[in-house]
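Text of the file protein_9.txt, holding compact mmCIF, C-alpha atoms and all ligand atoms:
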```txt
# COMPACT_ATOMS: atom_id res chain seq x y z
CA MET A 254 19.75 15.78 4.55
CA LEU A 255 16.30 16.60 3.21
CA GLN A 256 14.96 17.98 6.51
CA THR A 257 17.41 20.84 6.37
CA THR A 258 16.85 21.63 2.71
CA ARG A 259 13.14 22.35 2.33
CA SER A 260 13.59 24.19 -0.97
CA LYS A 261 14.97 21.18 -2.84
CA SER A 262 13.39 20.47 -6.19
CA ILE A 263 11.73 17.13 -6.86
CA ALA A 264 14.61 16.29 -9.24
CA GLU A 265 17.10 16.73 -6.40
CA ILE A 266 14.97 14.66 -4.01
CA ARG A 267 14.75 11.88 -6.61
CA ALA A 268 18.52 11.98 -7.06
CA GLU A 269 19.03 11.66 -3.28
CA LEU A 270 16.52 8.82 -3.16
CA ALA A 271 18.35 7.00 -5.96
CA GLU A 272 21.62 7.49 -4.10
CA TYR A 273 20.14 5.96 -0.93
CA LEU A 274 18.51 3.03 -2.78
CA ASN A 275 21.50 2.16 -4.97
CA GLY A 276 24.28 3.20 -2.63
CA GLU A 277 22.93 2.00 0.71
CA LEU A 278 19.73 -0.04 0.83
CA ILE A 279 20.35 -2.45 -2.07
CA PRO A 280 24.00 -3.08 -1.03
CA LEU A 281 22.75 -3.74 2.55
CA GLU A 282 20.18 -6.24 1.24
CA ARG A 283 22.88 -7.98 -0.81
CA LYS A 284 25.21 -8.10 2.20
CA LEU A 285 22.44 -9.64 4.34
CA GLY A 286 21.46 -12.00 1.48
CA LEU A 287 17.78 -10.97 1.72
CA GLY A 288 15.18 -12.78 -0.36
CA TYR A 289 11.64 -11.66 -1.22
CA GLU A 290 10.03 -14.25 1.02
CA ASP A 291 12.25 -13.87 4.08
CA ARG A 292 10.74 -12.95 7.43
CA PHE A 293 12.27 -9.55 8.06
CA SER A 294 12.87 -8.83 11.74
CA ARG A 295 11.19 -5.83 13.30
CA GLU A 296 14.70 -4.64 14.19
CA LEU A 297 15.79 -4.59 10.52
CA VAL A 298 12.56 -3.00 9.30
CA GLY A 299 12.66 -0.43 12.13
CA SER A 300 16.25 0.49 11.25
CA VAL A 301 15.18 1.16 7.63
CA TRP A 302 12.24 3.29 8.85
CA ARG A 303 14.50 5.38 11.07
CA ARG A 304 17.26 5.77 8.48
CA CYS A 305 14.69 6.90 5.90
CA ARG A 306 13.24 9.28 8.47
CA GLU A 307 16.72 10.66 9.11
CA LEU A 308 17.17 11.19 5.36
CA GLY A 309 13.75 12.83 5.14
CA PHE A 310 12.02 10.26 2.87
CA TYR A 311 9.84 8.58 5.50
CA GLY A 312 6.47 10.37 5.62
CA ILE A 313 7.72 13.04 3.21
CA HIS A 314 4.17 13.70 1.96
CA LEU A 315 2.77 14.54 5.41
CA PRO A 316 1.97 18.15 6.28
CA VAL A 317 4.91 20.05 7.78
CA GLU A 318 3.12 20.31 11.18
CA LEU A 319 3.05 16.49 11.34
CA GLY A 320 6.73 16.18 10.50
CA GLY A 321 6.54 15.80 6.73
CA ARG A 322 7.46 18.18 3.92
CA GLY A 323 3.95 18.55 2.49
CA LEU A 324 5.00 16.96 -0.80
CA PRO A 325 2.16 17.19 -3.37
CA LEU A 326 0.63 13.83 -4.35
CA ALA A 327 1.90 14.17 -7.93
CA GLN A 328 5.48 14.37 -6.64
CA LEU A 329 4.89 11.58 -4.12
CA CYS A 330 3.76 9.40 -7.07
CA LEU A 331 7.15 9.93 -8.75
CA LEU A 332 9.00 8.86 -5.59
CA LYS A 333 6.75 5.82 -5.11
CA ASP A 334 7.37 4.78 -8.71
CA ASP A 335 11.14 5.21 -8.17
CA VAL A 336 11.30 3.05 -5.02
CA ALA A 337 9.22 0.26 -6.57
CA ALA A 338 11.24 0.32 -9.80
CA SER A 339 14.56 0.25 -7.92
CA GLY A 340 14.59 -3.50 -7.29
CA ALA A 341 15.10 -2.99 -3.53
CA ILE A 342 13.39 -5.78 -1.60
CA LEU A 343 12.54 -3.52 1.35
CA PHE A 344 11.23 -0.74 -0.92
CA PRO A 345 7.75 -0.53 0.74
CA HIS A 346 9.44 0.69 3.93
CA VAL A 347 11.33 3.63 2.42
CA LEU A 348 8.45 6.11 2.18
CA GLY A 349 6.46 4.51 5.00
CA ASP A 350 3.99 2.34 3.06
CA TRP A 351 4.21 -0.80 5.18
CA GLY A 352 3.54 0.05 8.80
CA GLY A 353 4.47 3.69 8.41
CA PRO A 354 2.89 7.13 7.91
CA SER A 355 1.15 6.08 4.66
CA ARG A 356 -1.08 3.71 6.63
CA ILE A 357 -2.45 6.74 8.51
CA GLY A 358 -2.83 8.80 5.34
CA SER A 359 -5.66 11.30 5.36
CA LEU A 360 -6.82 9.99 8.77
CA ALA A 361 -4.16 12.18 10.36
CA ARG A 362 -6.34 15.23 9.93
CA TYR A 363 -8.91 13.77 12.40
CA ALA A 364 -6.35 12.96 15.11
CA THR A 365 -6.59 14.94 18.37
CA PRO A 366 -3.38 16.52 19.78
CA ASP A 367 -3.26 13.63 22.30
CA GLN A 368 -3.56 11.06 19.46
CA VAL A 369 -0.88 12.88 17.47
CA ALA A 370 1.45 12.64 20.48
CA ARG A 371 0.66 8.96 21.28
CA PHE A 372 0.32 7.50 17.78
CA VAL A 373 0.99 9.79 14.81
CA ASP A 374 4.32 11.25 16.01
CA PRO A 375 5.87 7.89 17.01
CA VAL A 376 4.80 6.42 13.63
CA VAL A 377 6.27 9.40 11.76
CA GLN A 378 9.53 9.02 13.72
CA GLY A 379 9.73 5.32 12.77
CA GLU A 380 9.46 4.33 16.44
CA MET A 381 6.04 2.69 16.09
CA GLY A 382 4.43 0.60 13.34
CA ILE A 383 0.78 0.93 12.34
CA CYS A 384 -1.73 -1.01 10.21
CA PHE A 385 -5.25 -0.38 8.92
CA ALA A 386 -7.81 -3.05 9.82
CA MET A 387 -11.21 -3.08 8.17
CA THR A 388 -11.70 -6.42 6.34
CA GLU A 389 -13.19 -9.40 8.22
CA PRO A 390 -13.56 -13.04 7.17
CA HIS A 391 -17.18 -12.54 6.00
CA SER A 392 -16.83 -8.85 5.06
CA GLY A 393 -14.61 -7.80 2.14
CA SER A 394 -16.06 -5.67 -0.66
CA ASP A 395 -19.17 -5.06 1.47
CA ALA A 396 -17.28 -3.06 4.09
CA ALA A 397 -20.44 -1.88 5.87
CA SER A 398 -21.16 -5.50 6.85
CA ILE A 399 -18.33 -5.65 9.42
CA ARG A 400 -19.20 -7.14 12.82
CA THR A 401 -16.27 -6.27 15.09
CA ARG A 402 -18.05 -4.62 18.01
CA ALA A 403 -16.95 -1.72 20.20
CA VAL A 404 -19.23 -1.44 23.23
CA ARG A 405 -18.98 1.61 25.49
CA ASP A 406 -18.04 0.88 29.13
CA GLY A 407 -17.36 4.10 31.08
CA ASP A 408 -14.30 5.78 29.58
CA ASP A 409 -13.46 2.71 27.50
CA PHE A 410 -14.76 0.65 24.60
CA ILE A 411 -14.68 -3.15 24.89
CA ILE A 412 -13.71 -4.65 21.52
CA ASN A 413 -14.62 -8.13 20.25
CA GLY A 414 -14.11 -9.34 16.71
CA HIS A 415 -11.76 -10.64 14.03
CA LYS A 416 -9.94 -8.67 11.31
CA HIS A 417 -8.66 -10.56 8.31
CA TYR A 418 -5.64 -10.23 5.98
CA ILE A 419 -4.29 -7.04 7.50
CA SER A 420 -1.14 -5.78 5.75
CA ALA A 421 1.81 -4.68 7.87
CA SER A 422 0.21 -6.11 11.02
CA THR A 423 3.30 -8.34 11.31
CA PHE A 424 5.36 -5.30 12.35
CA ALA A 425 2.65 -3.00 13.71
CA ASP A 426 2.26 -1.84 17.31
CA VAL A 427 -1.11 -0.25 16.73
CA ALA A 428 -4.06 -0.85 14.38
CA ILE A 429 -6.50 1.72 13.05
CA THR A 430 -9.51 -0.51 13.51
CA ILE A 431 -12.95 -0.03 12.00
CA CYS A 432 -15.64 -1.25 14.44
CA VAL A 433 -19.41 -1.21 14.89
CA THR A 434 -20.38 1.15 17.72
CA ASN A 435 -24.12 1.23 16.97
CA PRO A 436 -25.47 -1.91 15.25
CA ASP A 437 -28.87 -0.22 14.70
CA ASP A 438 -27.48 2.58 12.54
CA GLY A 439 -25.99 0.74 9.52
CA ALA A 440 -23.04 2.53 7.92
CA ARG A 441 -23.50 5.44 10.35
CA GLY A 442 -22.99 3.10 13.30
CA ILE A 443 -19.35 2.42 12.39
CA SER A 444 -16.37 4.12 14.08
CA ALA A 445 -12.57 4.14 13.79
CA LEU A 446 -10.26 3.56 16.77
CA PHE A 447 -6.53 3.39 17.42
CA ILE A 448 -6.01 0.01 19.14
CA ASP A 449 -2.76 -0.96 20.86
CA LEU A 450 -1.84 -4.42 19.54
CA ARG A 451 0.05 -5.15 22.77
CA ALA A 452 -3.17 -4.75 24.84
CA PRO A 453 -4.47 -7.81 26.74
CA GLY A 454 -6.93 -9.78 24.58
CA VAL A 455 -5.29 -9.02 21.21
CA ARG A 456 -3.94 -12.01 19.28
CA LEU A 457 -2.41 -12.22 15.81
CA ASP A 458 -2.40 -15.34 13.67
CA PHE A 459 -0.40 -15.83 10.51
CA ASP A 460 -2.44 -18.51 8.74
CA CYS A 461 -3.06 -16.49 5.56
CA VAL A 462 0.08 -16.44 3.44
CA PRO A 463 -0.36 -14.38 0.25
CA MET A 464 0.84 -15.75 -3.11
CA THR A 465 3.95 -13.56 -2.81
CA GLY A 466 4.95 -15.69 0.18
CA GLN A 467 5.77 -12.52 2.09
CA PHE A 468 5.43 -12.24 5.85
CA VAL A 469 3.40 -9.04 5.94
CA ASP A 470 -0.24 -9.96 6.53
CA ALA A 471 -1.97 -11.40 9.58
CA ASP A 472 -5.41 -11.80 11.12
CA ILE A 473 -6.08 -9.85 14.31
CA HIS A 474 -8.40 -11.25 16.98
CA PHE A 475 -9.89 -9.00 19.66
CA ASP A 476 -11.21 -10.72 22.77
CA ASN A 477 -12.66 -8.24 25.29
CA VAL A 478 -9.96 -5.70 24.53
CA ARG A 479 -10.28 -2.51 26.57
CA VAL A 480 -9.61 0.66 24.54
CA PRO A 481 -9.87 4.22 25.91
CA VAL A 482 -12.61 6.38 24.36
CA ALA A 483 -9.76 8.90 23.82
CA ASN A 484 -8.61 6.57 20.99
CA LEU A 485 -11.73 7.26 18.92
CA ILE A 486 -10.76 8.86 15.57
CA GLY A 487 -13.13 11.70 14.66
CA THR A 488 -16.59 11.27 16.18
CA GLU A 489 -18.63 8.13 16.81
CA GLY A 490 -20.37 6.99 13.61
CA GLU A 491 -17.86 8.70 11.28
CA GLY A 492 -15.65 5.61 10.90
CA LEU A 493 -16.78 4.32 7.52
CA ARG A 494 -16.67 7.78 5.93
CA ILE A 495 -13.19 8.39 7.35
CA ALA A 496 -12.04 4.95 6.14
CA MET A 497 -13.46 5.47 2.66
CA ASP A 498 -11.81 8.93 2.38
CA ARG A 499 -8.50 7.28 3.16
CA ILE A 500 -9.17 4.41 0.76
CA ASN A 501 -9.96 6.77 -2.17
CA VAL A 502 -6.52 8.37 -1.91
CA ASN A 503 -4.93 4.97 -1.26
CA ARG A 504 -6.43 3.58 -4.45
CA LEU A 505 -4.55 6.26 -6.34
CA LEU A 506 -1.37 5.85 -4.31
CA HIS A 507 -1.15 2.10 -4.98
CA CYS A 508 -0.83 2.96 -8.69
CA PRO A 509 2.72 4.36 -8.77
CA THR A 510 3.89 1.27 -6.86
CA MET A 511 2.35 -0.99 -9.51
CA ILE A 512 3.84 1.21 -12.25
CA GLY A 513 7.29 1.06 -10.65
CA LEU A 514 7.12 -2.73 -10.42
CA ALA A 515 5.95 -2.96 -14.05
CA ARG A 516 8.74 -0.56 -15.05
CA GLN A 517 11.24 -2.86 -13.36
CA ALA A 518 9.75 -5.83 -15.28
CA LEU A 519 10.07 -3.91 -18.56
CA ARG A 520 13.69 -3.01 -17.78
CA HIS A 521 14.55 -6.66 -17.08
CA SER A 522 12.72 -7.68 -20.29
CA ILE A 523 14.58 -5.21 -22.52
CA ASP A 524 17.88 -6.31 -21.05
CA TYR A 525 17.05 -10.03 -21.35
CA ALA A 526 15.77 -9.66 -24.93
CA GLN A 527 19.02 -7.99 -25.96
CA HIS A 528 21.23 -10.64 -24.35
CA ARG A 529 19.35 -13.93 -24.75
CA GLU A 530 20.35 -15.53 -28.04
CA GLN A 531 18.27 -18.07 -29.98
CA PHE A 532 18.48 -19.07 -33.65
CA GLY A 533 21.82 -17.31 -33.98
CA GLY A 534 21.13 -13.89 -32.43
CA PRO A 535 19.38 -11.92 -29.70
CA ILE A 536 15.64 -12.59 -29.30
CA SER A 537 15.07 -8.80 -29.47
CA ARG A 538 15.38 -9.07 -33.28
CA PHE A 539 12.10 -11.03 -33.42
CA GLN A 540 9.13 -8.80 -34.17
CA ALA A 541 7.01 -10.87 -31.74
CA ILE A 542 9.33 -9.84 -28.89
CA GLN A 543 9.57 -6.23 -30.10
CA HIS A 544 5.78 -5.95 -30.18
CA MET A 545 5.46 -7.24 -26.62
CA LEU A 546 8.05 -4.68 -25.47
CA ALA A 547 6.29 -1.92 -27.41
CA ASP A 548 2.91 -2.81 -25.87
CA MET A 549 4.47 -2.89 -22.38
CA ALA A 550 6.08 0.53 -22.82
CA THR A 551 2.89 2.01 -24.27
CA ALA A 552 0.70 0.71 -21.44
CA LEU A 553 3.20 1.97 -18.89
CA TYR A 554 3.13 5.44 -20.43
CA ALA A 555 -0.69 5.54 -20.36
CA CYS A 556 -0.74 4.39 -16.71
CA GLU A 557 1.87 6.94 -15.69
CA GLN A 558 0.08 9.83 -17.38
CA MET A 559 -3.37 9.06 -15.97
CA VAL A 560 -1.99 8.69 -12.46
CA LEU A 561 -0.05 11.96 -12.62
CA ALA A 562 -3.09 13.78 -14.03
CA THR A 563 -5.32 12.41 -11.24
CA ALA A 564 -2.76 13.24 -8.56
CA ALA A 565 -2.58 16.80 -9.92
CA LYS A 566 -6.38 17.05 -9.67
CA ALA A 567 -6.26 15.84 -6.06
CA ASP A 568 -3.49 18.36 -5.31
CA GLY A 569 -5.80 21.04 -6.75
CA GLY A 570 -8.50 20.05 -4.23
CA GLU A 571 -10.78 18.23 -6.69
CA ASP A 572 -12.84 15.19 -5.68
CA ILE A 573 -11.06 12.25 -7.35
CA ARG A 574 -13.30 9.41 -6.16
CA THR A 575 -14.20 8.31 -9.71
CA GLU A 576 -10.78 8.99 -11.23
CA ALA A 577 -8.96 7.18 -8.39
CA SER A 578 -11.05 4.09 -9.13
CA MET A 579 -10.39 4.48 -12.87
CA CYS A 580 -6.66 4.59 -12.10
CA LYS A 581 -6.73 1.61 -9.72
CA LEU A 582 -8.74 -0.43 -12.25
CA PHE A 583 -6.72 0.47 -15.35
CA VAL A 584 -3.27 0.44 -13.77
CA SER A 585 -3.71 -2.85 -11.89
CA GLU A 586 -5.03 -4.62 -15.02
CA ARG A 587 -2.42 -3.13 -17.41
CA CYS A 588 0.53 -3.62 -15.06
CA PHE A 589 -0.41 -7.24 -14.53
CA GLU A 590 -0.45 -7.69 -18.34
CA ILE A 591 3.00 -6.09 -18.48
CA ALA A 592 4.25 -8.57 -15.87
CA ASP A 593 2.71 -11.43 -17.84
CA LYS A 594 4.55 -10.35 -21.01
CA ALA A 595 7.78 -10.00 -19.00
CA VAL A 596 7.43 -13.62 -17.87
CA GLN A 597 6.78 -14.67 -21.50
CA ILE A 598 9.88 -12.86 -22.80
CA HIS A 599 12.01 -14.53 -20.10
CA GLY A 600 10.92 -18.07 -21.05
CA ASN A 601 11.85 -20.65 -18.40
CA VAL A 602 13.80 -18.02 -16.47
CA GLY A 603 10.57 -16.03 -16.04
CA VAL A 604 8.73 -18.85 -14.31
CA THR A 605 11.59 -19.67 -11.96
CA ARG A 606 10.74 -19.07 -8.31
CA ASN A 607 12.01 -15.73 -7.00
CA HIS A 608 13.41 -14.38 -10.25
CA PRO A 609 12.46 -10.64 -10.15
CA VAL A 610 9.90 -10.90 -12.98
CA GLU A 611 8.33 -14.01 -11.45
CA PHE A 612 8.02 -12.23 -8.11
CA ILE A 613 6.64 -9.06 -9.76
CA PHE A 614 4.06 -11.19 -11.60
CA ARG A 615 2.81 -12.61 -8.29
CA ARG A 616 2.93 -9.23 -6.58
CA LEU A 617 1.02 -7.43 -9.34
CA ARG A 618 -1.62 -10.13 -9.46
CA MET A 619 -2.62 -9.27 -5.90
CA TYR A 620 -3.24 -5.62 -6.73
CA ARG A 621 -6.33 -6.58 -8.74
CA ILE A 622 -7.86 -7.64 -5.39
CA VAL A 623 -6.46 -5.39 -2.65
CA THR A 624 -7.99 -2.00 -1.75
CA GLY A 625 -11.10 -2.91 -3.74
CA THR A 626 -11.25 -5.49 -6.52
CA SER A 627 -11.43 -4.48 -10.19
CA GLU A 628 -15.17 -5.22 -10.11
CA ILE A 629 -15.66 -2.84 -7.18
CA GLN A 630 -13.63 -0.14 -9.01
CA ARG A 631 -15.92 -0.58 -12.05
CA ASN A 632 -18.95 -0.19 -9.75
CA THR A 633 -17.50 3.07 -8.37
CA VAL A 634 -16.68 4.40 -11.84
CA ALA A 635 -20.17 3.50 -13.11
CA LYS A 636 -21.76 5.22 -10.11
CA GLY A 637 -19.63 8.30 -10.74
CA ILE A 638 -20.56 8.62 -14.41
CA LEU A 639 -24.23 7.63 -14.11
CA LEU A 640 -25.14 10.03 -11.29
C1 LIG B 1 -2.53 -9.29 0.34
C2 LIG B 1 -3.74 -8.62 0.91
C3 LIG B 1 -3.58 -7.54 1.77
C4 LIG B 1 -4.70 -6.92 2.34
N1 LIG B 1 -4.52 -5.90 3.24
C5 LIG B 1 -5.60 -5.38 3.89
C6 LIG B 1 -5.44 -4.39 4.91
O1 LIG B 1 -4.32 -3.94 5.23
N2 LIG B 1 -6.55 -3.94 5.56
C7 LIG B 1 -7.81 -4.37 5.25
O2 LIG B 1 -8.76 -3.92 5.89
N3 LIG B 1 -7.99 -5.32 4.27
C8 LIG B 1 -6.94 -5.82 3.60
N4 LIG B 1 -7.11 -6.79 2.62
C9 LIG B 1 -8.46 -7.21 2.25
C10 LIG B 1 -8.88 -6.66 0.89
O3 LIG B 1 -9.16 -5.29 0.99
C11 LIG B 1 -10.07 -7.50 0.40
O4 LIG B 1 -9.54 -8.75 0.03
C12 LIG B 1 -10.80 -6.87 -0.76
O5 LIG B 1 -11.51 -5.72 -0.35
C13 LIG B 1 -11.81 -7.84 -1.42
O6 LIG B 1 -12.59 -8.48 -0.46
P1 LIG B 1 -12.67 -10.08 -0.45
O7 LIG B 1 -11.33 -10.60 -0.65
O8 LIG B 1 -13.41 -10.49 0.78
O9 LIG B 1 -13.52 -10.47 -1.73
P2 LIG B 1 -15.13 -10.49 -1.86
O10 LIG B 1 -15.69 -9.18 -1.45
O11 LIG B 1 -15.68 -11.70 -1.19
O12 LIG B 1 -15.28 -10.66 -3.43
C14 LIG B 1 -15.19 -11.91 -4.11
C15 LIG B 1 -15.47 -11.68 -5.59
O13 LIG B 1 -16.80 -11.13 -5.76
C16 LIG B 1 -16.72 -9.90 -6.44
N5 LIG B 1 -17.73 -8.96 -5.91
C17 LIG B 1 -18.03 -8.72 -4.60
N6 LIG B 1 -18.98 -7.76 -4.53
C18 LIG B 1 -19.27 -7.40 -5.81
C19 LIG B 1 -20.16 -6.44 -6.39
N7 LIG B 1 -20.94 -5.65 -5.64
N8 LIG B 1 -20.19 -6.34 -7.73
C20 LIG B 1 -19.40 -7.12 -8.53
N9 LIG B 1 -18.53 -8.05 -8.02
C21 LIG B 1 -18.47 -8.16 -6.69
C22 LIG B 1 -15.30 -9.38 -6.19
O14 LIG B 1 -14.90 -8.44 -7.16
C23 LIG B 1 -14.51 -10.66 -6.23
O15 LIG B 1 -14.25 -11.01 -7.56
C24 LIG B 1 -6.01 -7.40 2.01
C25 LIG B 1 -6.15 -8.47 1.13
C26 LIG B 1 -5.05 -9.09 0.58
C27 LIG B 1 -5.25 -10.25 -0.35
```
Would you kindly transcribe this structure into structure tokens?
Amino acid sequence: MLQTTRSKSIAEIRAELAEYLNGELIPLERKLGLGYEDRFSRELVGSVWRRCRELGFYGIHLPVELGGRGLPLAQLCLLKDDVAASGAILFPHVLGDWGGPSRIGSLARYATPDQVARFVDPVVQGEMGICFAMTEPHSGSDAASIRTRAVRDGDDFIINGHKHYISASTFADVAITICVTNPDDGARGISALFIDLRAPGVRLDFDCVPMTGQFVDADIHFDNVRVPVANLIGTEGEGLRIAMDRINVNRLLHCPTMIGLARQALRHSIDYAQHREQFGGPISRFQAIQHMLADMATALYACEQMVLATAAKADGGEDIRTEASMCKLFVSERCFEIADKAVQIHGNVGVTRNHPVEFIFRRLRMYRIVTGTSEIQRNTVAKGILL
């Protein structure tokens, strides 16, 4: 197991990951007859978290003192690409992206020892699920306009508000929640809190179903929810800065997932083009099809290289705010184009509900919105190069 073999090379870790995905997870999904749009039980998801923890994949990028292996971001990108490209339906759970350690991300460094014991450790062990809640119905790109209020009352905060479209909230026990603690201080009046989703006054509703049809996102309502001041992450007023730090890295880390999905679409397309016959032979002999495949492979290569270069910069301690936005913008737009070409190559098969390329098309379309739209990424890039 990985935990006992710290000195393993990234090639060996990738080989072990492939063995788990192809030899265990995908066969399990086939046995259970899982579909993309099924509602996965918390029991099933939790068992994947714990198995991946046991194998050492879950939270592998975390620092050793938090139970990870301190994997550099550039190597984490390779693993994220591998899991997304594998075709496993439950792939976002393998490294801890949905409800796991990746939701905490760089926030972990602000956690007190008490918060590590109550929240970070149980999440790392796969015993607890966590989500990140910032967006509200009226507050998306303009994150500083949130209204969810945290009002001090002795040793507690009283929380009232509504968070919207929160990924992984369907299997989370706790939400990192961004709230207004001082409405007179603008962006500096915003704080981050761990909030127990089982606390009285918390309610989830599942009205927003994304175009992937997956049961992952929910709205969270807080009605006079009492939260100990000990759950404050960092200091009061630091919340937006802490959230944006996390989001910068997350923008980069969404990229290998998109690349892996696009890689899977390209693989299906090459295979289909070589086997589908029209006009007396495989469609791969048509230059029109060859050019689409060539453009897909070229875009994929460009995406992969820019992401690895940016991850290496981040590993070297450089500020990647501008480059992370460049990556999120370029990769989300190019990978969606790759998925579109994959659908085109597959003809009627490609538009058939729940065929892998049809699902990937829907999934990649959402990435041009989540964690900052393409327009917001362009704003960040422009700010970075004009200042
Ligand atoms: C599937 C899914 C999962 C999500 N998961 C989470 C989560 O886990 N946690 C969380 O907190 N949030 C989450 N979100 C919310 C997501 O981060 C927001 O949807 C995103 O930030 C965009 O906000 P918005 O949808 O309100 O769009 P808006 O901000 O209303 O934007 C609408 C349009 O206006 C454009 N626009 C807005 N401002 C500008 C500007 N200054 N310049 C140019 N154009 C602009 C946008 O680019 C867009 O085209 C999720 C959303 C989805 C769809």
Subject >> Shortest interatomic distance to Gly570 in chain A - which of A:Val369, A:Leu326, A:Glu318, A:Val377, counting all atoms listed in the file >> reply: A:Leu326
Proximity check range 271-332 of chain A to range 336-357 of chain A, 6 Å, nearest pairs one decimal Å, only C-alpha atoms, as JSON lines:
```
{"residue": "A:Ile279", "atom": "CA", "partner": "A:Ala341", "partner_atom": "CA", "distance": 5.5}
{"residue": "A:Cys305", "atom": "CA", "partner": "A:Val347", "partner_atom": "CA", "distance": 5.8}
{"residue": "A:Phe310", "atom": "CA", "partner": "A:Leu348", "partner_atom": "CA", "distance": 5.5}
{"residue": "A:Tyr311", "atom": "CA", "partner": "A:Leu348", "partner_atom": "CA", "distance": 4.4}
{"residue": "A:Gly312", "atom": "CA", "partner": "A:Pro354", "partner_atom": "CA", "distance": 5.3}
```
Subject >> Nearest candidate to Arg606 in chain A (options A:Pro390, A:Gly288, A:Gly379, A:Pro436; using all atoms listed in the file) >> reply: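 Smallest separation from Arg606 in chain A among the options: A:Gly288.
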**OP:** Give the residues close to ligand LIG 1 (chain B), within 7 Å, counting all atoms listed in the file; write them as a list in words.
**Re:**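 What falls inside 7 Å of ligand LIG 1 (chain B) is Cys384, Phe385, Ala386, Met387, Thr388, Pro390, His391, Ser392, Gly393, Ser394, Asp395, His417, Tyr418, Ile419, Ser420, Ala421, Pro463, Asp470, Met619, Ile622, Val623, Thr624, Gly625, Thr626, Ser627, Glu628, Ile629 and Asn632 of chain A.
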Original post:
Which one is closest to Val298 in chain A: A:Gly382, A:Gly286, A:Pro375, A:Gly442? Count all atoms listed in the file.
Top reply: A:Gly382
